[in-house]
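Text of upload.txt (compact mmCIF, C-alpha atoms and all ligand atoms) as supplied:
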# COMPACT_ATOMS: atom_id res chain seq x y z
CA MET D 1 0.00 0.00 0.00
CA LYS D 2 2.69 2.42 1.09
CA HIS D 3 4.49 2.18 -2.23
CA LEU D 4 1.45 2.44 -4.45
CA TYR D 5 2.50 5.80 -5.78
CA ARG D 6 6.05 4.84 -6.65
CA ASP D 7 4.72 1.70 -8.35
CA HIS D 8 2.34 3.85 -10.36
CA ILE D 9 5.15 6.20 -11.44
CA ALA D 10 7.34 3.18 -12.23
CA ASP D 11 4.59 1.87 -14.56
CA PHE D 12 4.80 5.08 -16.59
CA ILE D 13 8.60 5.01 -16.69
CA TYR D 14 8.64 1.36 -17.68
CA ASN D 15 6.09 1.81 -20.46
CA ARG D 16 7.74 4.89 -21.92
CA LEU D 17 11.15 3.16 -21.99
CA LYS D 18 9.66 -0.06 -23.34
CA ASP D 19 7.94 1.78 -26.21
CA ASN D 20 11.30 3.23 -27.25
CA GLU D 21 13.50 0.31 -26.32
CA ASP D 22 14.98 -0.35 -29.75
CA ALA D 23 15.94 3.27 -30.47
CA LEU D 24 17.44 3.68 -26.98
CA LYS D 25 19.44 0.47 -27.33
CA LYS D 26 20.80 1.68 -30.66
CA HIS D 27 21.81 5.02 -29.19
CA PHE D 28 23.51 3.49 -26.17
CA ASP D 29 25.29 1.00 -28.36
CA LEU D 30 26.50 3.66 -30.81
CA THR D 31 27.92 5.81 -28.01
CA SER D 32 29.35 3.07 -25.84
CA SER D 33 32.85 3.07 -27.35
CA GLY D 34 33.17 6.50 -25.65
CA VAL D 35 30.62 7.09 -22.92
CA GLY D 36 27.46 5.07 -23.46
CA CYS D 37 24.40 7.26 -23.04
CA PHE D 38 20.83 7.87 -24.11
CA TYR D 39 18.05 10.25 -23.22
CA ILE D 40 14.29 10.10 -23.46
CA ASP D 41 11.83 12.99 -23.36
CA ASP D 42 8.29 13.10 -21.95
CA LEU D 43 9.17 10.37 -19.51
CA LEU D 44 6.09 10.97 -17.34
CA PRO D 45 2.76 12.64 -18.05
CA ASP D 46 3.41 16.41 -17.91
CA ASP D 47 1.22 16.98 -14.86
CA ILE D 48 3.14 14.44 -12.77
CA ALA D 49 6.49 15.90 -13.85
CA THR D 50 5.23 19.38 -12.94
CA ARG D 51 4.07 18.17 -9.53
CA ILE D 52 7.49 16.66 -8.91
CA TYR D 53 9.12 19.98 -9.78
CA LYS D 54 6.75 21.84 -7.45
CA SER D 55 7.58 19.49 -4.60
CA PHE D 56 11.27 20.45 -4.58
CA PRO D 57 12.38 22.30 -1.44
CA GLU D 58 13.98 25.71 -1.51
CA THR D 59 17.74 25.77 -1.89
CA LYS D 60 18.06 27.18 1.65
CA ASP D 61 16.60 23.90 3.00
CA VAL D 62 19.11 21.55 1.35
CA ASN D 63 22.90 21.16 1.52
CA VAL D 64 25.15 23.34 -0.53
CA LYS D 65 28.33 21.95 -2.07
CA LYS D 66 30.59 24.81 -2.97
CA SER D 67 34.21 24.64 -4.04
CA ILE D 68 36.24 25.04 -7.21
CA ARG D 69 35.08 21.51 -8.08
CA GLU D 70 31.38 22.25 -8.05
CA TYR D 71 28.70 24.58 -6.80
CA LYS D 72 25.29 23.00 -6.39
CA TYR D 73 22.60 22.03 -3.89
CA VAL D 74 21.91 18.41 -2.95
CA ALA D 75 19.85 16.33 -0.55
CA ALA D 76 19.63 12.59 0.10
CA GLN D 77 17.82 12.53 3.45
CA MET D 78 14.50 12.19 1.68
CA ASP D 79 12.23 11.79 4.73
CA LYS D 80 12.85 15.51 5.40
CA TYR D 81 11.11 16.67 2.22
CA ASN D 82 7.87 16.36 0.26
CA PRO D 83 7.16 12.58 0.09
CA LEU D 84 6.59 12.74 -3.68
CA LEU D 85 10.34 13.21 -4.11
CA GLU D 86 11.09 9.95 -2.36
CA GLU D 87 8.45 8.24 -4.51
CA ILE D 88 9.97 9.40 -7.80
CA ILE D 89 13.54 8.60 -6.69
CA PHE D 90 12.57 5.09 -5.71
CA ALA D 91 10.39 4.60 -8.82
CA PHE D 92 13.73 4.50 -10.67
CA GLN D 93 14.72 1.64 -8.35
CA ASP D 94 11.68 -0.48 -9.28
CA VAL D 95 12.94 -3.87 -10.39
CA ARG D 96 11.18 -3.68 -13.79
CA VAL D 97 12.72 -0.27 -14.52
CA VAL D 98 16.17 -1.39 -13.37
CA ASN D 99 16.00 -4.55 -15.48
CA LEU D 100 14.77 -2.74 -18.57
CA ILE D 101 17.49 -0.07 -18.34
CA SER D 102 20.10 -2.81 -17.77
CA ASP D 103 18.79 -4.53 -20.86
CA ILE D 104 18.87 -1.36 -22.96
CA CYS D 105 22.49 -0.80 -21.92
CA GLY D 106 23.42 -4.46 -22.25
CA TYR D 107 24.63 -4.72 -18.64
CA ASP D 108 24.14 -7.67 -16.29
CA ALA D 109 23.48 -7.91 -12.59
CA ILE D 110 22.61 -4.27 -12.02
CA GLN D 111 21.34 -3.05 -8.67
CA PRO D 112 19.97 0.32 -7.63
CA ASP D 113 21.21 2.11 -4.54
CA SER D 114 18.69 2.55 -1.74
CA ASN D 115 21.36 4.41 0.29
CA LEU D 116 21.30 7.18 -2.35
CA TYR D 117 25.07 7.45 -2.09
CA ALA D 118 25.58 10.69 -4.08
CA GLY D 119 22.03 10.29 -5.40
CA GLY D 120 18.74 11.91 -4.37
CA ILE D 121 17.88 15.41 -5.55
CA SER D 122 20.10 18.14 -6.91
CA MET D 123 19.31 21.78 -7.54
CA MET D 124 21.36 24.31 -9.47
CA GLY D 125 20.61 28.03 -9.50
CA LYS D 126 22.28 31.02 -11.11
CA GLY D 127 26.09 30.71 -11.05
CA ASN D 128 26.05 27.01 -10.11
CA TYR D 129 28.18 24.55 -12.10
CA LEU D 130 29.84 21.18 -12.04
CA ASN D 131 33.37 21.01 -13.40
CA PRO D 132 34.38 18.04 -15.56
CA HIS D 133 34.68 14.94 -13.40
CA LEU D 134 34.58 11.18 -13.13
CA ASP D 135 32.09 9.90 -10.60
CA ASN D 136 33.47 7.83 -7.73
CA SER D 137 33.99 4.30 -9.10
CA HIS D 138 32.19 2.52 -6.27
CA ASP D 139 29.33 2.46 -3.78
CA LYS D 140 29.64 3.69 -0.23
CA ASP D 141 31.11 0.43 1.08
CA ARG D 142 33.36 0.05 -1.94
CA ALA D 143 31.79 -3.35 -2.60
CA LEU D 144 30.14 -2.65 -5.96
CA TRP D 145 31.09 -0.76 -9.12
CA ARG D 146 29.11 2.31 -10.12
CA VAL D 147 27.98 1.66 -13.68
CA LEU D 148 25.09 3.98 -14.62
CA ASN D 149 24.02 7.50 -13.75
CA LEU D 150 20.32 8.39 -14.19
CA LEU D 151 19.40 12.06 -14.29
CA TYR D 152 15.79 13.12 -14.54
CA TYR D 153 15.23 16.86 -15.13
CA VAL D 154 11.97 18.46 -14.12
CA THR D 155 12.22 22.26 -14.39
CA PRO D 156 9.47 23.50 -16.76
CA ASP D 157 10.57 25.59 -19.75
CA TRP D 158 14.27 25.03 -19.15
CA ASN D 159 16.18 25.60 -22.38
CA PRO D 160 19.83 25.31 -23.47
CA GLU D 161 20.39 29.10 -23.23
CA HIS D 162 19.77 28.88 -19.47
CA GLY D 163 23.01 26.89 -19.10
CA GLY D 164 23.02 23.92 -16.75
CA ASN D 165 23.60 21.64 -19.74
CA LEU D 166 24.99 18.17 -19.15
CA GLU D 167 28.20 17.82 -21.15
CA ILE D 168 29.67 14.40 -21.81
CA TRP D 169 33.25 14.19 -23.08
CA PRO D 170 33.54 10.86 -24.92
CA ASP D 171 37.00 11.70 -26.29
CA GLY D 172 38.26 13.33 -23.11
CA LEU D 173 38.44 17.05 -22.32
CA LYS D 174 40.49 17.80 -25.43
CA GLY D 175 37.72 16.47 -27.65
CA GLU D 176 34.20 17.68 -28.39
CA ALA D 177 31.47 17.46 -25.76
CA THR D 178 28.11 15.83 -26.37
CA VAL D 179 25.59 18.26 -24.89
CA ILE D 180 22.33 17.07 -23.35
CA ASP D 181 20.36 20.05 -22.12
CA ALA D 182 18.33 19.71 -18.92
CA LYS D 183 14.97 19.80 -20.67
CA PHE D 184 11.77 19.45 -18.65
CA ASN D 185 10.67 15.82 -18.23
CA ARG D 186 13.84 14.37 -19.80
CA LEU D 187 15.69 11.35 -18.45
CA ALA D 188 19.38 11.13 -19.34
CA VAL D 189 21.27 7.91 -18.66
CA MET D 190 25.05 7.64 -18.95
CA ALA D 191 27.63 4.97 -18.23
CA THR D 192 30.14 5.70 -15.47
CA HIS D 193 33.66 4.34 -15.70
CA LYS D 194 37.25 5.54 -15.70
CA LYS D 195 36.76 7.56 -18.91
CA SER D 196 33.23 8.91 -18.45
CA TRP D 197 34.17 12.60 -18.10
CA HIS D 198 31.14 14.84 -17.73
CA SER D 199 30.25 18.32 -16.47
CA VAL D 200 27.38 20.77 -16.10
CA SER D 201 27.80 24.22 -17.65
CA LYS D 202 27.18 27.27 -15.47
CA VAL D 203 23.54 28.19 -14.91
CA ASN D 204 22.93 31.75 -16.09
CA THR D 205 19.26 32.29 -15.34
CA ASP D 206 17.26 32.99 -12.20
CA GLY D 207 15.37 29.70 -12.30
CA VAL D 208 16.48 26.53 -10.54
CA ARG D 209 17.47 23.42 -12.47
CA CYS D 210 15.93 20.54 -10.51
CA CYS D 211 17.11 16.98 -11.01
CA ILE D 212 16.28 13.54 -9.59
CA SER D 213 19.44 11.50 -9.46
CA ASN D 214 20.05 7.76 -9.15
CA TYR D 215 23.10 5.58 -9.59
CA TYR D 216 23.05 1.92 -10.49
CA PHE D 217 25.77 -0.48 -9.34
CA SER D 218 27.09 -3.87 -10.36
CA ASP D 219 29.56 -6.42 -9.09
CA GLN D 220 31.43 -5.91 -12.36
CA PRO D 221 32.81 -2.66 -13.83
CA VAL D 222 31.66 -1.45 -17.27
CA SER D 223 35.08 -1.79 -18.87
CA ASN D 224 37.93 -3.97 -17.77
CA GLU D 225 39.10 -1.55 -15.12
CA LYS D 226 40.57 -2.93 -11.95
CA SER D 227 41.06 -0.18 -9.47
CA PHE D 228 39.08 2.21 -7.32
CA HIS D 229 38.96 5.96 -8.02
CA VAL D 230 37.54 8.83 -5.98
CA THR D 231 35.36 11.46 -7.65
CA THR D 232 37.99 13.10 -9.82
CA PHE D 233 37.63 16.68 -11.05
CA ARG D 234 39.42 18.63 -13.78
CA GLY D 235 39.28 22.19 -15.10
CA ARG D 236 37.12 23.00 -18.09
CA PRO D 237 39.07 23.45 -21.33
CA GLY D 238 40.94 26.75 -20.94
CA GLN D 239 40.89 26.75 -17.09
CA PHE D 240 44.60 26.11 -16.75
CA PHE D 241 45.14 26.95 -13.06
CA THR D 242 41.86 25.46 -11.91
CA ASP D 243 42.85 22.30 -13.73
CA LYS D 244 46.22 22.09 -11.97
CA LEU D 245 44.60 22.68 -8.58
CA LEU D 246 41.89 20.10 -9.21
CA GLN D 247 44.43 17.49 -10.32
CA LEU D 248 46.32 18.08 -7.10
CA ASP D 249 43.08 17.97 -5.09
CA SER D 250 42.10 14.63 -6.70
CA SER D 251 45.47 13.04 -6.05
CA VAL D 252 45.45 14.14 -2.40
CA ARG D 253 41.94 12.72 -1.87
CA MET D 254 42.95 9.54 -3.70
CA GLY D 255 46.00 9.22 -1.43
CA VAL D 256 43.83 9.61 1.66
CA ARG D 257 41.41 6.96 0.42
CA LYS D 258 44.26 4.54 -0.23
CA LEU D 259 45.33 4.95 3.39
CA PHE D 260 41.85 5.03 4.93
CA LYS D 261 39.37 2.97 2.98
CA ASN D 262 36.36 5.03 3.97
CA GLY D 263 38.03 8.43 3.91
CA ILE D 264 38.70 10.50 6.99
CA ARG D 265 35.16 11.70 7.49
CA GLU D 266 31.87 10.00 6.87
CA ASN D 267 30.37 11.06 3.54
CA PRO D 268 27.19 12.98 4.51
CA HIS D 269 25.61 12.39 1.10
CA VAL D 270 23.60 9.24 1.93
CA TYR D 271 20.05 8.47 3.05
CA LYS D 272 20.21 7.44 6.71
CA LYS D 273 17.16 5.30 7.42
O1 LIG D 301 23.14 17.20 -12.85
C1 LIG D 301 23.69 16.64 -13.80
O2 LIG D 301 23.25 16.73 -14.96
C2 LIG D 301 24.94 15.83 -13.58
C3 LIG D 301 25.22 15.53 -12.14
C4 LIG D 301 26.51 14.82 -11.90
O3 LIG D 301 27.27 14.56 -12.76
C5 LIG D 301 26.90 14.43 -10.53
O4 LIG D 301 26.20 14.79 -9.59
O5 LIG D 301 27.92 13.75 -10.39
FE FE D 302 28.77 13.12 -12.07

Rewrite the structure from the file as structure tokens, please.
Amino acid sequence: MKHLYRDHIADFIYNRLKDNEDALKKHFDLTSSGVGCFYIDDLLPDDIATRIYKSFPETKDVNVKKSIREYKYVAAQMDKYNPLLEEIIFAFQDVRVVNLISDICGYDAIQPDSNLYAGGISMMGKGNYLNPHLDNSHDKDRALWRVLNLLYYVTPDWNPEHGGNLEIWPDGLKGEATVIDAKFNRLAVMATHKKSWHSVSKVNTDGVRCCISNYYFSDQPVSNEKSFHVTTFRGRPGQFFTDKLLQLDSSVRMGVRKLFKNGIRENPHVYKK
């Protein structure tokens, strides 16, 4: 009974993906030599997507992450917010949705992450950005590999000129970026591995770019990589000094994690139940 609503949302997600399965498979397959990805628009009926957007908290009521790496607002402790947010997040963890997305991407043994380690909701307002980075390779206990990133955007009338575009760098930061703008009611799915560089361009409008975020994990990595990496940031093309600083920052954090498996402080970005 309790999960009726998330089941109902999952039905819509499942059906929309299923109806487009072949095209999505083709797209993921075509991109997977670089960074496998696909996106699908009109994921949910417009009124549900709008209600999800309206249920986002204000940025003052979530956690800010602000450094030269990134500047954005996040929350994973979902029992503190409008319950619809928890329903939509966990709809993406419905076993039918997880299995269908695994199938589309050609991955086996995928599991969602009920701890919302680095998942949950994210909000980006004017001046917010995410520098190019690789997501942490693992889950919170470093037992599973992070293999897919699901980003569902819900801000009405968001367009590419507002910034906040997802940029994927299949040929690295010296190559061209594939841009997926954060269009209302769009789900973007991308592979995460040791070469899946991605970023979010600076938001330059007064609105807030709202996103529902989920990661999927597996006991096997996407490519034949063997070792752990922390979330690793770089400068954008042209940001020479930022790039040097971020490379140093990543190697220091990597060094710490080699010494102390779980880092020196507990990562606050999880859902404590
Ligand atoms: O918000 C997005 O489009 C990307 C988010 C992301 O890459 C991250 O949180 O690691
Ligand atoms: Fe990321």

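In terms of minimum interatomic distance to His27 (chain D), D:Met190 ranks closest within D:Leu44, D:Met190, D:Leu144, D:Met78, counting all atoms listed in the file.
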
Close residues, Leu24 (chain D) itself excluded, 8 Å, all atoms listed in the file, min 6 positions apart in chain, as a PyMOL selection string:
chain D and resi 38-40+104

Which chains and residue numbers are within 9 Å of ligand LIG 301 (chain D), counting only C-alpha atoms and all ligand atoms, if I want them as a PyMOL selection string?
chain D and resi 72+74+118-119+122-124+129-136+149-153+164-167+180-182+188+197-200+209-213+231

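Minimum distance to ligand FE 302 (chain D) across D:His8, D:Lys195, D:Lys126, D:Lys273 (counting only C-alpha atoms and all ligand atoms) occurs at D:Lys195.
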
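Taking CA of Pro170 (chain D) and CA of Thr205 (chain D) as endpoints, the distance between them is 27.5 Å.
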
One residue among D:Asn159, D:Asn267, D:Ser201, D:Asn15 is nearest to Gly235 (chain D) when using all atoms listed in the file, and that residue is D:Ser201

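Counting all atoms listed in the file, the residue from D:Phe233, D:Leu173, D:Val35, D:Gly238 that sits nearest to Val252 (chain D) is D:Phe233.
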
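Interatomic distance, CA of Val208 (chain D) to CA of Thr59 (chain D): 8.8 Å.
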
List as a PDB file with C-alpha atoms, in the frame of the given file the protein and nucleic acid residues near Lys272 (chain D), meaning an atom at most 9 Å away when all atoms listed in the file are counted, but skip any in the same chain fewer than 3 places from it.
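Saved result, around_7.pdb, follows:
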ATOM      1  CA  ALA D  76      19.630  12.590   0.100  1.00  0.00           C
ATOM      2  CA  GLN D  77      17.820  12.530   3.450  1.00  0.00           C
ATOM      3  CA  MET D  78      14.500  12.190   1.680  1.00  0.00           C
ATOM      4  CA  ASN D 115      21.360   4.410   0.290  1.00  0.00           C
TER       5      ASN D 115
END

Select all residues near (43.3, 22.2, -14.9) (cut-off 12 Å, inclusive, file coordinates), counting all atoms listed in the file, and output them as an mmCIF file with C-alpha atoms, keeping the file's coordinate frame.
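Writing the result to result_8.cif gives the following:
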data_model
loop_
_atom_site.group_PDB
_atom_site.id
_atom_site.type_symbol
_atom_site.label_atom_id
_atom_site.label_comp_id
_atom_site.auth_asym_id
_atom_site.auth_seq_id
_atom_site.Cartn_x
_atom_site.Cartn_y
_atom_site.Cartn_z
ATOM 1 C CA ILE D 68 36.240 25.040 -7.210
ATOM 2 C CA ARG D 69 35.080 21.510 -8.080
ATOM 3 C CA ASN D 131 33.370 21.010 -13.400
ATOM 4 C CA PRO D 132 34.380 18.040 -15.560
ATOM 5 C CA HIS D 133 34.680 14.940 -13.400
ATOM 6 C CA LEU D 173 38.440 17.050 -22.320
ATOM 7 C CA LYS D 174 40.490 17.800 -25.430
ATOM 8 C CA THR D 232 37.990 13.100 -9.820
ATOM 9 C CA PHE D 233 37.630 16.680 -11.050
ATOM 10 C CA ARG D 234 39.420 18.630 -13.780
ATOM 11 C CA GLY D 235 39.280 22.190 -15.100
ATOM 12 C CA ARG D 236 37.120 23.000 -18.090
ATOM 13 C CA PRO D 237 39.070 23.450 -21.330
ATOM 14 C CA GLY D 238 40.940 26.750 -20.940
ATOM 15 C CA GLN D 239 40.890 26.750 -17.090
ATOM 16 C CA PHE D 240 44.600 26.110 -16.750
ATOM 17 C CA PHE D 241 45.140 26.950 -13.060
ATOM 18 C CA THR D 242 41.860 25.460 -11.910
ATOM 19 C CA ASP D 243 42.850 22.300 -13.730
ATOM 20 C CA LYS D 244 46.220 22.090 -11.970
ATOM 21 C CA LEU D 245 44.600 22.680 -8.580
ATOM 22 C CA LEU D 246 41.890 20.100 -9.210
ATOM 23 C CA GLN D 247 44.430 17.490 -10.320
ATOM 24 C CA LEU D 248 46.320 18.080 -7.100
ATOM 25 C CA ASP D 249 43.080 17.970 -5.090
ATOM 26 C CA SER D 250 42.100 14.630 -6.700
#

Enumerate, as a PyMOL selection string, the protein, DNA and RNA residues whose atoms approach (9.2, 5.7, -22.6) to within 10 Å, taking into account all atoms listed in the file and the coordinate frame of the file.
chain D and resi 12-21+24+39-44+187

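Rounded to one decimal, CA of Phe184 (chain D) and CA of His138 (chain D) lie 29.3 Å from each other.
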
Residue neighbourhood Tyr71 (chain D), 6 Å, all atoms listed in the file, exclusion window fewer than 3 positions, as a ChimeraX atom specification:
/D:65-66,128-129

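Minimum distance to Gly127 (chain D) across D:Phe28, D:Phe217, D:Tyr73, D:Phe228 (counting all atoms listed in the file) occurs at D:Tyr73.
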
Measuring atom to atom with only C-alpha atoms, identify which of D:Trp145, D:Arg257, D:Thr155, D:His269 is nearest to Lys226 (chain D).
D:Trp145
